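Chemist: See final_9.cif below, with mmCIF, C-alpha atoms.
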```
data_work
loop_
_atom_site.label_atom_id
_atom_site.label_comp_id
_atom_site.auth_asym_id
_atom_site.auth_seq_id
_atom_site.Cartn_x
_atom_site.Cartn_y
_atom_site.Cartn_z
CA GLN A 1049 32.65 37.64 -43.80
CA ARG A 1050 34.98 39.55 -45.78
CA ASN A 1051 35.98 38.66 -46.33
CA ALA A 1052 39.53 38.31 -44.31
CA THR A 1053 40.37 34.74 -43.22
CA PRO A 1054 41.40 34.09 -39.60
CA THR A 1055 44.96 32.77 -39.71
CA THR A 1056 44.34 30.24 -36.94
CA THR A 1057 41.02 28.79 -38.05
CA THR A 1058 40.76 25.22 -39.34
CA MET A 1059 37.56 23.34 -39.97
CA ALA A 1060 36.77 19.67 -40.39
CA SER A 1061 35.68 18.37 -43.77
CA LYS A 1062 31.93 18.16 -44.21
CA ASN A 1063 30.22 17.04 -47.37
CA ALA A 1064 27.67 14.84 -48.99
CA SER A 1065 25.08 15.21 -51.70
CA SER A 1066 23.51 11.75 -51.57
CA GLY A 1067 24.25 9.23 -48.85
CA ALA A 1068 27.48 9.98 -46.99
CA GLY A 1069 30.33 11.77 -48.68
CA GLY A 1070 33.68 13.46 -48.09
CA GLY A 1071 37.42 12.89 -48.18
CA GLY A 1072 40.43 12.20 -45.96
CA GLY A 1073 40.68 9.39 -43.41
CA GLY A 1074 41.50 8.26 -39.91
CA GLY A 1075 39.53 7.22 -36.81
CA GLU A 1076 36.81 4.64 -36.23
CA CYS A 1077 33.41 4.39 -37.88
CA ALA A 1078 30.56 6.21 -36.05
CA SER A 1079 28.19 3.22 -36.34
CA PRO A 1080 27.64 1.52 -32.94
CA GLY A 1081 29.64 -1.70 -32.73
CA CYS A 1082 31.59 -1.07 -35.94
CA THR A 1083 35.36 -1.10 -35.41
CA ASN A 1084 36.37 -0.49 -39.01
CA VAL A 1085 38.91 2.26 -39.62
CA VAL A 1086 37.56 5.17 -41.65
CA GLU A 1087 39.74 5.27 -44.77
CA LYS A 1088 37.61 7.90 -46.49
CA ARG A 1089 35.70 10.45 -44.44
CA LEU A 1090 32.10 9.75 -45.44
CA ALA A 1091 30.06 12.35 -43.55
CA CYS A 1092 26.32 12.31 -42.84
CA PRO A 1093 24.77 14.94 -45.19
CA THR A 1094 21.97 15.87 -42.78
CA CYS A 1095 24.49 16.60 -40.01
CA VAL A 1096 26.28 18.88 -42.48
CA LYS A 1097 23.09 20.73 -43.42
CA LEU A 1098 22.23 21.25 -39.75
CA GLY A 1099 25.69 22.65 -39.04
CA LEU A 1100 26.51 19.82 -36.63
CA PRO A 1101 30.03 18.44 -36.10
CA PRO A 1102 30.73 15.89 -38.86
CA THR A 1103 29.99 12.22 -38.18
CA TYR A 1104 32.10 9.82 -40.29
CA PHE A 1105 31.30 6.30 -41.49
CA CYS A 1106 33.49 3.57 -42.97
CA SER A 1107 31.22 2.93 -45.97
CA GLN A 1108 27.92 3.83 -47.61
CA SER A 1109 26.45 0.46 -46.64
CA CYS A 1110 27.38 0.92 -42.97
CA PHE A 1111 25.87 4.41 -43.04
CA LYS A 1112 22.58 3.17 -44.53
CA LYS A 1113 22.40 0.17 -42.18
CA ASN A 1114 22.62 2.37 -39.07
CA TYR A 1115 20.80 5.44 -40.34
CA ALA A 1116 17.57 4.69 -38.46
CA THR A 1117 19.48 4.99 -35.19
CA HIS A 1118 21.75 7.81 -36.25
CA LYS A 1119 18.94 10.11 -37.42
CA ARG A 1120 17.74 10.50 -33.82
CA ILE A 1121 20.58 13.00 -33.49
CA HIS A 1122 18.94 15.13 -36.18
CA LYS A 1123 15.63 15.17 -34.33
CA ILE A 1124 17.30 16.26 -31.10
CA ALA A 1125 19.28 18.97 -32.91
CA LEU A 1126 16.13 20.35 -34.54
CA GLN A 1127 14.37 20.45 -31.16
CA ILE A 1128 17.25 22.40 -29.67
CA MET A 1129 17.27 24.83 -32.60
CA GLU A 1130 13.54 25.37 -32.23
CA ALA A 1131 13.99 26.05 -28.51
CA GLN A 1132 16.64 28.60 -29.40
CA LYS A 1133 14.21 30.33 -31.76
CA GLY A 1134 15.84 29.25 -34.96
CA SER A 1135 19.49 29.66 -33.97
CA SER A 1136 21.67 27.48 -36.18
CA GLY A 1137 24.09 26.80 -33.36
CA HIS A 1138 27.11 27.83 -35.47
CA ARG A 1139 29.72 29.79 -33.53
CA LYS A 1140 29.51 32.72 -35.98
CA THR A 1141 25.72 33.04 -35.94
CA PRO A 1142 24.70 36.46 -34.57
CA PRO A 1143 22.55 36.16 -31.42
CA ASP A 1144 18.81 36.82 -31.32
CA GLY A 1145 17.34 40.22 -30.42
CA VAL A 1146 19.34 42.23 -32.96
CA THR A 1147 16.83 43.27 -35.67
CA CYS A 1148 13.88 45.62 -36.01
CA ASP A 1149 11.85 47.04 -38.88
CA PRO A 1150 13.13 50.24 -40.55
CA SER A 1151 9.79 51.90 -39.74
CA ALA A 1152 10.34 51.46 -35.96
CA PRO A 1153 10.75 54.66 -33.90
CA PRO A 1154 14.31 56.04 -33.66
CA GLU A 1155 14.59 55.14 -29.99
CA ILE A 1156 14.01 51.48 -30.98
CA ARG A 1157 16.24 51.44 -34.06
CA LEU A 1158 19.11 53.10 -32.22
CA SER A 1159 18.87 50.93 -29.12
CA GLU A 1160 21.63 48.45 -28.43
CA PRO A 1161 21.14 44.74 -29.14
CA GLN A 1162 20.61 42.45 -26.17
CA TRP A 1163 24.14 41.09 -26.14
CA ALA A 1164 25.62 44.59 -25.68
CA SER A 1165 24.25 45.02 -22.15
CA SER A 1166 26.82 42.61 -20.73
CA TYR A 1167 29.69 43.30 -23.15
CA SER A 1168 32.77 45.35 -22.22
CA PHE A 1169 33.61 47.58 -25.20
CA SER A 1170 37.22 48.57 -25.91
CA GLY A 1171 36.33 51.86 -27.60
CA SER A 1172 33.56 54.44 -27.93
CA LEU A 1173 31.68 52.86 -30.87
CA ARG A 1174 28.39 51.18 -30.01
CA PRO A 1175 26.15 48.92 -32.12
CA THR A 1176 22.48 49.56 -32.84
CA LEU A 1177 19.80 47.19 -34.06
CA LEU A 1178 19.89 45.83 -37.63
CA SER A 1179 17.33 45.90 -40.41
CA PRO A 1180 15.86 42.53 -41.47
CA ARG A 1181 17.78 40.49 -44.02
CA ARG A 1182 17.35 41.73 -47.58
CA PRO A 1183 16.13 39.12 -50.10
CA MET A 1184 17.88 38.13 -53.33
CA PRO A 1185 16.00 37.33 -56.55
CA PRO A 1186 15.95 33.55 -57.17
CA ALA A 1187 17.29 34.02 -60.71
CA ILE A 1188 20.70 35.19 -59.43
CA ARG A 1189 23.22 32.36 -59.00
CA ARG A 1190 24.01 31.69 -55.35
CA PRO A 1191 27.09 30.16 -53.70
CA ASP A 1192 26.55 26.88 -51.84
CA TYR A 1193 26.30 28.54 -48.42
CA ALA A 1194 23.61 31.05 -49.42
CA ASP A 1195 20.69 28.86 -48.35
CA HIS A 1196 22.50 26.70 -45.79
CA MET A 1197 20.95 26.84 -42.33
CA ALA A 1198 24.32 27.67 -40.74
CA GLY A 1199 25.79 29.40 -43.79
CA VAL A 1200 28.38 26.65 -44.15
CA SER A 1201 30.23 26.32 -47.47
CA ASP A 1202 30.54 22.60 -48.16
CA SER A 1203 32.93 23.28 -51.04
CA GLU A 1204 35.27 25.25 -48.77
CA GLN A 1205 35.10 22.54 -46.11
CA ARG A 1206 36.15 19.92 -48.65
CA ASP A 1207 38.90 22.18 -49.92
CA ARG A 1208 40.34 22.77 -46.43
CA ALA A 1209 40.40 19.05 -45.75
CA SER A 1210 42.00 17.86 -48.96
CA ASN A 1211 43.66 20.69 -50.91
CA ASN A 1212 47.39 21.27 -50.43
CA SER A 1213 48.05 23.28 -53.59
CA ILE A 1214 47.32 26.76 -54.92
CA ARG A 1215 45.01 26.80 -57.92
CA VAL A 1216 46.33 28.15 -61.21
CA TYR A 1217 43.75 30.07 -63.27
CA GLY A 1218 44.03 30.08 -67.06
CA PRO A 1219 42.47 32.26 -69.79
CA ASP A 1220 39.30 30.16 -70.00
CA GLU A 1221 38.55 30.82 -66.33
CA LEU A 1222 39.66 34.45 -66.28
CA GLU A 1223 38.07 35.82 -69.42
CA GLY A 1224 34.55 36.02 -70.81
CA GLU A 1225 31.21 37.28 -69.63
CA CYS A 1226 31.16 34.86 -66.70
CA GLY A 1227 34.88 34.70 -65.89
CA LEU A 1228 36.84 35.64 -62.79
CA ARG A 1229 37.85 38.98 -64.29
CA HIS A 1230 34.15 39.85 -64.64
CA ALA A 1231 33.51 39.02 -60.97
CA THR A 1232 36.29 41.35 -59.84
CA ALA A 1233 35.07 44.13 -62.16
CA MET A 1234 31.58 43.83 -60.68
CA GLY A 1235 33.09 44.04 -57.20
CA ARG A 1236 34.82 47.30 -58.15
CA GLU A 1237 31.58 48.79 -59.50
CA VAL A 1238 29.63 47.77 -56.41
CA LEU A 1239 32.25 49.18 -54.02
CA ASP A 1240 32.24 52.47 -55.92
CA ALA A 1241 28.46 52.62 -55.54
CA GLY A 1242 28.75 52.00 -51.79
CA GLY A 1243 31.47 54.62 -51.41
CA LYS A 1244 29.40 57.15 -53.31
CA ALA A 1245 26.56 56.72 -50.77
CA LEU A 1246 28.81 57.38 -47.78
CA ARG A 1247 28.53 60.77 -46.07
CA VAL A 1248 27.74 62.34 -42.70
CA GLY A 1249 24.27 61.30 -41.49
CA VAL A 1250 23.97 58.18 -43.66
CA THR A 1251 23.57 54.88 -41.84
CA THR A 1252 25.77 51.92 -42.63
CA ASP A 1253 22.50 50.05 -43.20
CA GLU A 1254 21.85 52.45 -46.08
CA VAL A 1255 25.28 51.59 -47.50
CA ASP A 1256 24.26 47.93 -47.26
CA ARG A 1257 21.03 48.68 -49.14
CA VAL A 1258 22.96 50.44 -51.90
CA VAL A 1259 25.45 47.58 -52.20
CA HIS A 1260 22.69 44.96 -52.15
CA GLU A 1261 20.73 46.68 -54.91
CA ALA A 1262 23.88 47.34 -56.95
CA CYS A 1263 24.57 43.60 -56.87
CA ILE A 1264 21.04 42.79 -58.04
CA GLU A 1265 21.32 45.32 -60.89
CA ARG A 1266 24.47 43.55 -62.10
CA GLY A 1267 23.12 40.02 -61.65
CA VAL A 1268 25.67 39.08 -58.99
CA TYR A 1269 25.32 37.75 -55.45
CA PRO A 1270 26.85 39.68 -52.50
CA SER A 1271 29.24 37.02 -51.18
CA PRO A 1272 29.11 38.02 -47.48
CA LEU A 1273 25.33 37.44 -47.28
CA ASN A 1274 24.71 34.35 -45.08
CA TYR A 1275 28.38 33.32 -45.18
CA TYR A 1276 28.44 31.51 -41.83
CA ASN A 1277 25.24 33.45 -41.14
CA PHE A 1278 26.70 36.91 -41.70
CA PRO A 1279 23.43 38.89 -41.93
CA LYS A 1280 24.29 41.59 -44.48
CA SER A 1281 25.59 42.06 -48.01
CA VAL A 1282 28.67 44.13 -47.14
CA CYS A 1283 31.03 44.67 -44.20
CA THR A 1284 31.20 48.25 -42.89
CA SER A 1285 33.95 48.79 -40.33
CA VAL A 1286 33.92 52.12 -38.49
CA ASN A 1287 36.81 53.65 -36.50
CA GLU A 1288 38.10 50.97 -34.08
CA VAL A 1289 36.47 48.15 -36.05
CA ILE A 1290 39.20 46.17 -37.81
CA CYS A 1291 36.99 44.10 -40.11
CA HIS A 1292 33.65 42.27 -40.42
CA GLY A 1293 31.57 45.17 -39.10
CA ILE A 1294 27.83 44.54 -39.55
CA PRO A 1295 25.85 47.44 -41.12
CA ASP A 1296 23.25 48.84 -38.72
CA TYR A 1297 21.11 51.92 -37.99
CA ARG A 1298 23.98 54.01 -36.60
CA GLU A 1299 24.52 57.20 -38.59
CA VAL A 1300 28.03 57.94 -39.84
CA ARG A 1301 29.46 60.96 -38.03
CA ASP A 1302 31.77 63.78 -39.02
CA GLY A 1303 35.36 62.58 -38.55
CA ASP A 1304 34.62 58.85 -38.85
CA ILE A 1305 36.74 56.54 -40.97
CA VAL A 1306 34.68 53.79 -42.58
CA ASN A 1307 35.92 50.71 -44.40
CA ILE A 1308 33.59 49.20 -47.01
CA ASP A 1309 34.42 45.58 -47.89
CA VAL A 1310 32.67 44.14 -50.95
CA THR A 1311 32.77 40.69 -52.53
CA THR A 1312 30.63 39.71 -55.50
CA TYR A 1313 29.81 36.24 -56.88
CA ASN A 1314 28.90 36.07 -60.56
CA LYS A 1315 26.92 33.60 -62.64
CA GLY A 1316 30.14 31.90 -63.74
CA GLY A 1317 30.72 30.91 -60.11
CA TYR A 1318 33.61 33.27 -59.24
CA HIS A 1319 34.16 35.71 -56.35
CA GLY A 1320 35.85 39.13 -56.57
CA ASP A 1321 36.93 40.80 -53.31
CA LEU A 1322 38.14 44.32 -52.42
CA ASN A 1323 37.80 47.03 -49.80
CA GLU A 1324 38.68 50.65 -49.14
CA THR A 1325 38.68 52.94 -46.11
CA PHE A 1326 36.91 56.26 -46.54
CA MET A 1327 37.38 59.44 -44.51
CA VAL A 1328 34.06 61.11 -43.73
CA GLY A 1329 33.96 64.85 -43.13
CA ASN A 1330 36.69 66.42 -41.02
CA VAL A 1331 39.01 63.57 -40.10
CA ASP A 1332 41.87 64.53 -37.77
CA ASP A 1333 45.52 64.35 -38.82
CA GLU A 1334 46.11 61.09 -36.95
CA GLY A 1335 43.20 59.48 -38.78
CA LYS A 1336 44.45 60.74 -42.13
CA LYS A 1337 47.92 59.36 -41.40
CA LEU A 1338 46.43 55.98 -40.51
CA VAL A 1339 44.39 55.72 -43.71
CA LYS A 1340 47.36 56.77 -45.86
CA THR A 1341 49.61 54.27 -44.04
CA ALA A 1342 47.12 51.44 -44.68
CA PHE A 1343 47.10 52.35 -48.38
CA ASP A 1344 50.90 52.46 -48.53
CA CYS A 1345 51.16 49.09 -46.77
CA LEU A 1346 49.03 47.44 -49.45
CA SER A 1347 50.94 49.24 -52.20
CA ALA A 1348 54.27 48.03 -50.81
CA ALA A 1349 53.03 44.45 -50.68
CA LEU A 1350 51.62 44.48 -54.21
CA SER A 1351 54.90 45.84 -55.59
CA MET A 1352 56.44 42.49 -54.59
CA VAL A 1353 53.86 40.27 -56.30
CA LYS A 1354 55.55 38.38 -59.13
CA PRO A 1355 56.58 34.81 -59.94
CA GLY A 1356 59.06 33.42 -57.41
CA THR A 1357 58.11 35.65 -54.48
CA LEU A 1358 57.46 33.81 -51.22
CA TYR A 1359 54.01 34.54 -49.81
CA ARG A 1360 55.51 35.00 -46.36
CA ASP A 1361 57.69 37.88 -47.56
CA LEU A 1362 54.76 40.24 -48.12
CA GLY A 1363 54.41 40.58 -44.35
CA THR A 1364 57.91 42.02 -44.01
CA ALA A 1365 57.21 44.75 -46.59
CA ILE A 1366 53.96 45.65 -44.83
CA HIS A 1367 55.64 45.65 -41.41
CA LYS A 1368 58.34 48.11 -42.54
CA VAL A 1369 55.81 50.67 -43.79
CA ALA A 1370 53.56 50.35 -40.74
CA SER A 1371 56.45 50.60 -38.27
CA ALA A 1372 57.91 53.64 -40.03
CA ASN A 1373 54.58 55.39 -39.41
CA LYS A 1374 54.31 54.20 -35.78
CA CYS A 1375 51.40 51.87 -36.58
CA SER A 1376 50.95 48.13 -36.01
CA VAL A 1377 49.78 45.21 -38.16
CA VAL A 1378 46.89 42.93 -37.15
CA ARG A 1379 47.99 39.29 -36.97
CA THR A 1380 44.68 37.46 -36.54
CA TYR A 1381 43.31 37.96 -40.07
CA CYS A 1382 45.04 37.43 -43.39
CA GLY A 1383 44.60 37.60 -47.14
CA HIS A 1384 43.52 34.48 -48.99
CA GLY A 1385 43.18 32.69 -52.26
CA ILE A 1386 39.94 33.44 -54.09
CA GLY A 1387 38.10 32.49 -57.27
CA SER A 1388 35.60 29.66 -57.39
CA LEU A 1389 35.85 29.65 -53.58
CA PHE A 1390 35.42 32.69 -51.34
CA HIS A 1391 38.40 31.62 -49.20
CA THR A 1392 41.04 29.07 -50.17
CA ALA A 1393 44.81 28.58 -50.39
CA PRO A 1394 47.09 30.44 -50.08
CA ASN A 1395 46.93 32.14 -46.71
CA VAL A 1396 48.60 35.55 -46.97
CA PRO A 1397 49.61 36.85 -43.50
CA HIS A 1398 50.43 40.57 -43.30
CA TYR A 1399 52.87 40.57 -40.38
CA HIS A 1400 56.64 40.21 -40.12
CA LYS A 1401 58.27 36.77 -39.70
CA ASN A 1402 55.13 34.76 -40.49
CA LYS A 1403 55.26 31.09 -41.48
CA ALA A 1404 53.12 31.19 -44.64
CA LYS A 1405 53.82 28.46 -47.17
CA GLY A 1406 53.98 28.79 -50.92
CA VAL A 1407 55.71 30.52 -53.81
CA MET A 1408 53.90 32.77 -56.28
CA ARG A 1409 53.34 31.33 -59.77
CA PRO A 1410 51.63 32.76 -62.87
CA GLY A 1411 47.89 32.15 -62.60
CA HIS A 1412 47.66 32.42 -58.81
CA VAL A 1413 44.79 34.66 -57.67
CA PHE A 1414 44.58 35.94 -54.10
CA THR A 1415 43.80 38.95 -51.92
CA VAL A 1416 46.15 41.17 -49.95
CA GLU A 1417 44.36 43.17 -47.25
CA PRO A 1418 46.59 44.43 -44.42
CA MET A 1419 44.71 45.75 -41.38
CA ILE A 1420 46.69 48.58 -39.77
CA ASN A 1421 46.12 49.90 -36.23
CA LEU A 1422 47.08 53.20 -34.62
CA GLY A 1423 47.76 51.40 -31.36
CA THR A 1424 48.64 47.82 -30.53
CA PRO A 1425 47.98 44.93 -32.99
CA GLY A 1426 45.63 43.15 -30.58
CA ASP A 1427 42.00 42.46 -31.43
CA THR A 1428 38.83 41.18 -29.83
CA THR A 1429 35.37 40.25 -31.16
CA TRP A 1430 32.05 41.82 -30.22
CA GLY A 1431 29.17 39.76 -28.89
CA ASP A 1432 27.63 39.65 -32.38
CA ASN A 1433 30.30 36.99 -33.16
CA TRP A 1434 31.58 38.93 -36.18
CA THR A 1435 32.75 42.48 -35.50
CA ALA A 1436 36.53 42.47 -34.87
CA VAL A 1437 37.75 45.56 -32.98
CA THR A 1438 41.08 46.79 -31.66
CA SER A 1439 41.74 45.67 -28.11
CA ASP A 1440 42.80 49.18 -27.07
CA GLY A 1441 39.89 50.99 -28.77
CA LYS A 1442 42.14 52.93 -31.17
CA ARG A 1443 41.29 53.21 -34.84
CA SER A 1444 42.11 50.73 -37.62
CA ALA A 1445 42.20 51.10 -41.43
CA GLN A 1446 42.49 48.73 -44.37
CA PHE A 1447 42.67 48.50 -48.16
CA GLU A 1448 42.31 45.31 -50.20
CA HIS A 1449 42.72 44.14 -53.77
CA THR A 1450 42.33 40.83 -55.59
CA VAL A 1451 45.46 40.25 -57.69
CA LEU A 1452 46.56 37.89 -60.44
CA VAL A 1453 50.19 36.80 -60.72
CA THR A 1454 51.35 37.23 -64.33
CA LYS A 1455 54.53 36.07 -66.06
CA THR A 1456 56.23 39.40 -65.37
CA GLY A 1457 54.55 40.68 -62.22
CA CYS A 1458 50.94 41.12 -61.20
CA GLU A 1459 47.63 42.50 -62.40
CA ILE A 1460 45.35 44.18 -59.87
CA LEU A 1461 42.00 42.72 -60.91
CA THR A 1462 39.93 45.03 -58.67
CA MET A 1463 41.64 48.28 -59.65
CA ARG A 1464 39.62 51.19 -61.04
CA GLU A 1465 39.40 51.33 -64.81
CA ASN A 1466 42.43 53.00 -66.44
CA GLU A 1467 44.36 52.85 -63.13
CA PRO A 1468 46.64 49.80 -63.44
CA ILE A 1469 48.82 50.67 -60.43
CA MET A 1470 48.03 51.95 -56.94
CA CYS A 1471 48.22 55.76 -56.80
CA TRP A 1472 47.27 57.65 -53.64
CA ASP A 1473 44.48 60.16 -54.26
CA PRO A 1474 42.96 61.49 -51.03
CA ASP A 1475 39.91 62.78 -52.92
CA LEU A 1476 38.93 59.20 -53.78
CA VAL A 1477 38.78 58.15 -50.12
CA HIS A 1478 37.24 61.32 -48.69
CA GLY A 1479 33.50 60.84 -48.28
CA GLU A 1480 31.47 63.33 -50.35
CA THR A 1481 34.56 64.30 -52.36
CA ALA A 1482 34.86 60.67 -53.44
CA ALA A 1483 31.22 60.70 -54.56
CA ALA A 1484 31.83 63.82 -56.65
CA CYS A 1485 34.96 62.33 -58.22
CA MET A 1486 33.09 59.14 -59.12
CA GLU A 1487 30.25 61.16 -60.68
CA GLU A 1488 32.75 63.12 -62.78
CA GLU A 1489 34.39 59.87 -63.89
CA ILE A 1490 31.01 58.47 -64.96
CA GLU A 1491 30.15 61.66 -66.85
CA GLU A 1492 33.49 61.55 -68.68
CA LYS A 1493 32.90 57.94 -69.73
CA GLU A 1494 29.39 58.76 -70.97
CA ALA A 1495 30.72 61.72 -72.97
CA CYS A 1496 33.24 59.47 -74.71
CA ARG A 1497 30.60 56.98 -75.88
#
```
As a first step, turn the structure in this file into C-alpha cells.

Modeler:
Amino acid sequence: QRNATPTTTTMASKNASSGAGGGGGGGECASPGCTNVVEKRLACPTCVKLGLPPTYFCSQSCFKKNYATHKRIHKIALQIMEAQKGSSGHRKTPPDGVTCDPSAPPEIRLSEPQWASSYSFSGSLRPTLLSPRRPMPPAIRRPDYADHMAGVSDSEQRDRASNNSIRVYGPDELEGECGLRHATAMGREVLDAGGKALRVGVTTDEVDRVVHEACIERGVYPSPLNYYNFPKSVCTSVNEVICHGIPDYREVRDGDIVNIDVTTYNKGGYHGDLNETFMVGNVDDEGKKLVKTAFDCLSAALSMVKPGTLYRDLGTAIHKVASANKCSVVRTYCGHGIGSLFHTAPNVPHYHKNKAKGVMRPGHVFTVEPMINLGTPGDTTWGDNWTAVTSDGKRSAQFEHTVLVTKTGCEILTMRENEPIMCWDPDLVHGETAAACMEEEIEEKEACR
C-alpha cells in the first residue's frame, strides 16, 4: 500500500470487461500462426483476473477464434495456484504461514512468520504473526482491486499505459456528499481515530481494527485492503520501517515512533490519503528530532505548492531541510496523484535533483509524503514483500497530506478542521497526549453544537 508509489515501478496495461480489451500497441498477436501487428493492446480478461502477465491479441475475432487453445494457460495457472495453497503469484502477495487467530496463545501470536527464519534483518524490529483479514460489509463501495485475486487495479493499469497528463479536478468532483473533499475528510477522521488508539502496550493489529471499524462507521472502504494483496486496512510503520508496515500482534513499546498511514475510498469513487508519525511514551532526543524534521520537510514542500511550480522542485526544498538536520531522504518511494485512482500521475519525488515531469496547475490533486531517515537513504524490503525498512536499521519518520492546487496556492485537503496550514504541535504526535488532545477537540465541538 500506502500508499507511497515506488519511483521505479512500471506495469503493463491489463484490462478487459468482455472479450479482450485494453489500449496501446506494438508487437505481434499472441494467437499461434497469426503475424498481425497488435495496433491496440487487447488483453485476455481471464489472464488479468488471475494476475498473469498480459497476453495481447490483434482483434476480438482473433481472440475468440483461438480462445479454446489459449484458455489452457488458465487451467495450468489455477493448478499452480492451488498447489501453492491459494497464492496469487503476484510479486507483492505476502507469503503463506503468516496468520493465526487472535485467540491463539501468546507464544503463537508473537512467533515470527515462516519467512523470517531465513531473512537478515537490518535493525532490531521483528515481525509477529497477523490476525486474519477483516471483512467489509457488501454495501460499502469497493475499488476495482478489492475482490481481485491478486489485488490488481485494472483502472490503474490502464492509466499507466495510456495517460500522459495530470487530471484537473473541478467543483463537481471536489464538492458534495460523495466528492473528493469528502474522501479526504473521512481519511482525516479515520487517522485521528487510529492515532487516538496508539499507546504503550497496544498492538498495531489493534490500530488496524480501530481504523477498519472507523471506515465501516463512515461508509468508506480502507484503500490499502487487498491493494496488490496488502492484507490490512492501514499501514503501521514502526521505528526503522520506512513505509508499508503490516499491522501485527507486536505490542508498541515505550520510546517507539509509529507512522499510521490511512487512505479512504468513498461511495463517490474517490481516495483520500494521509499519514502521521506518532511518538509513543519516552522517545529519545534523536527520535524527537527525526519526527520534527520529517514534519518540517513536508511543511517546506507544501509552502511551494502553487500554479507554475515544477513538481521536481519540491525535492530540493525537502533536501535542504533534511540535510540541515543531518538526516537523509528516501529515494525509492514518492508522492503521487490521487482521486478516482489510488495512484496516478504525477509522480512527486522527494529528493534533490530528481527528474520528475510536470508543472502544477489549478485543480491538480496529489500527495506529498517525504520519508526521512536518521542514517543513510537506503532501503530494503522484508520477506513479507511489503515492509520497507532502512538498510542500516536506523529509524525513519514521515508525514503526508493530500493537497489541491488552487489559483493562488494550495489547499491541504487532509488537514485537521480549523487548521488550514501546517503548525508543529508536539502534543498532537505524542501518543497518549495526542489522544487527550483529540478528545478535548471533540468535546469542544460538541459543546458548540

Chemist: Pick out the residues sitting within 9 Å of Ala1262 in chain A, and hand them over as a ChimeraX atom specification; count all atoms listed in the file, and ignore anything fewer than 6 positions along from it in its own chain.

Modeler: /A:1237-1238,1241-1242,1268

Chemist: Can you turn the PyMOL selection byres ((chain A and resi 1106) around 7) into a concrete residue list for this file, as a PyMOL selection string?

Modeler: chain A and resi 1077+1084-1088+1090+1104-1105+1107+1110

Chemist: Val1216 in chain A: which residues within 9 Å, counting all atoms listed in the file, same-chain residues fewer than 4 positions away excluded, as a PyMOL selection string?

Modeler: chain A and resi 1409-1413

Chemist: Got a sec: who's within 12 Å of range 1364-1375 of chain A, counting only C-alpha atoms, leaving out chain neighbours fewer than 3 positions off, as number ranges by chain?

Modeler: A: 1334-1353, 1358-1361, 1378-1379, 1396-1404, 1416-1425, 1442-1446

Chemist: Once the PyMOL selection byres ((chain A and resi 1463-1473) around 12) has been evaluated on this model, what residues remain selected, and can you format them as an mmCIF file with C-alpha atoms, in the frame of the given file?

Modeler:
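Wrote selection.cif, looks like this:
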```cif
data_model
loop_
_atom_site.group_PDB
_atom_site.id
_atom_site.type_symbol
_atom_site.label_atom_id
_atom_site.label_comp_id
_atom_site.auth_asym_id
_atom_site.auth_seq_id
_atom_site.Cartn_x
_atom_site.Cartn_y
_atom_site.Cartn_z
ATOM 1 C CA ARG A 1229 37.850 38.980 -64.290
ATOM 2 C CA THR A 1232 36.290 41.350 -59.840
ATOM 3 C CA ALA A 1233 35.070 44.130 -62.160
ATOM 4 C CA MET A 1234 31.580 43.830 -60.680
ATOM 5 C CA GLY A 1235 33.090 44.040 -57.200
ATOM 6 C CA ARG A 1236 34.820 47.300 -58.150
ATOM 7 C CA GLU A 1237 31.580 48.790 -59.500
ATOM 8 C CA VAL A 1238 29.630 47.770 -56.410
ATOM 9 C CA LEU A 1239 32.250 49.180 -54.020
ATOM 10 C CA ASP A 1240 32.240 52.470 -55.920
ATOM 11 C CA GLY A 1320 35.850 39.130 -56.570
ATOM 12 C CA ASP A 1321 36.930 40.800 -53.310
ATOM 13 C CA LEU A 1322 38.140 44.320 -52.420
ATOM 14 C CA ASN A 1323 37.800 47.030 -49.800
ATOM 15 C CA GLU A 1324 38.680 50.650 -49.140
ATOM 16 C CA PHE A 1326 36.910 56.260 -46.540
ATOM 17 C CA VAL A 1339 44.390 55.720 -43.710
ATOM 18 C CA LYS A 1340 47.360 56.770 -45.860
ATOM 19 C CA THR A 1341 49.610 54.270 -44.040
ATOM 20 C CA ALA A 1342 47.120 51.440 -44.680
ATOM 21 C CA PHE A 1343 47.100 52.350 -48.380
ATOM 22 C CA ASP A 1344 50.900 52.460 -48.530
ATOM 23 C CA CYS A 1345 51.160 49.090 -46.770
ATOM 24 C CA LEU A 1346 49.030 47.440 -49.450
ATOM 25 C CA SER A 1347 50.940 49.240 -52.200
ATOM 26 C CA ALA A 1348 54.270 48.030 -50.810
ATOM 27 C CA ALA A 1349 53.030 44.450 -50.680
ATOM 28 C CA LEU A 1350 51.620 44.480 -54.210
ATOM 29 C CA SER A 1351 54.900 45.840 -55.590
ATOM 30 C CA PHE A 1447 42.670 48.500 -48.160
ATOM 31 C CA GLU A 1448 42.310 45.310 -50.200
ATOM 32 C CA HIS A 1449 42.720 44.140 -53.770
ATOM 33 C CA THR A 1450 42.330 40.830 -55.590
ATOM 34 C CA VAL A 1451 45.460 40.250 -57.690
ATOM 35 C CA LEU A 1452 46.560 37.890 -60.440
ATOM 36 C CA GLY A 1457 54.550 40.680 -62.220
ATOM 37 C CA CYS A 1458 50.940 41.120 -61.200
ATOM 38 C CA GLU A 1459 47.630 42.500 -62.400
ATOM 39 C CA ILE A 1460 45.350 44.180 -59.870
ATOM 40 C CA LEU A 1461 42.000 42.720 -60.910
ATOM 41 C CA THR A 1462 39.930 45.030 -58.670
ATOM 42 C CA PRO A 1474 42.960 61.490 -51.030
ATOM 43 C CA ASP A 1475 39.910 62.780 -52.920
ATOM 44 C CA LEU A 1476 38.930 59.200 -53.780
ATOM 45 C CA VAL A 1477 38.780 58.150 -50.120
ATOM 46 C CA HIS A 1478 37.240 61.320 -48.690
ATOM 47 C CA THR A 1481 34.560 64.300 -52.360
ATOM 48 C CA ALA A 1482 34.860 60.670 -53.440
ATOM 49 C CA CYS A 1485 34.960 62.330 -58.220
ATOM 50 C CA MET A 1486 33.090 59.140 -59.120
ATOM 51 C CA GLU A 1489 34.390 59.870 -63.890
ATOM 52 C CA ILE A 1490 31.010 58.470 -64.960
ATOM 53 C CA LYS A 1493 32.900 57.940 -69.730
#
```

Chemist: Applying 12 Å and all atoms listed in the file, which residues near Pro1191 in chain A remain after dropping the ones on its own chain fewer than 5 positions away? List them as JSON, numbers by chain.

Modeler: {"A": [1196, 1199, 1200, 1201, 1202, 1203, 1204, 1268, 1269, 1270, 1271, 1272, 1273, 1274, 1275, 1312, 1313, 1314, 1315, 1316, 1317, 1318, 1319, 1387, 1388, 1389, 1390]}
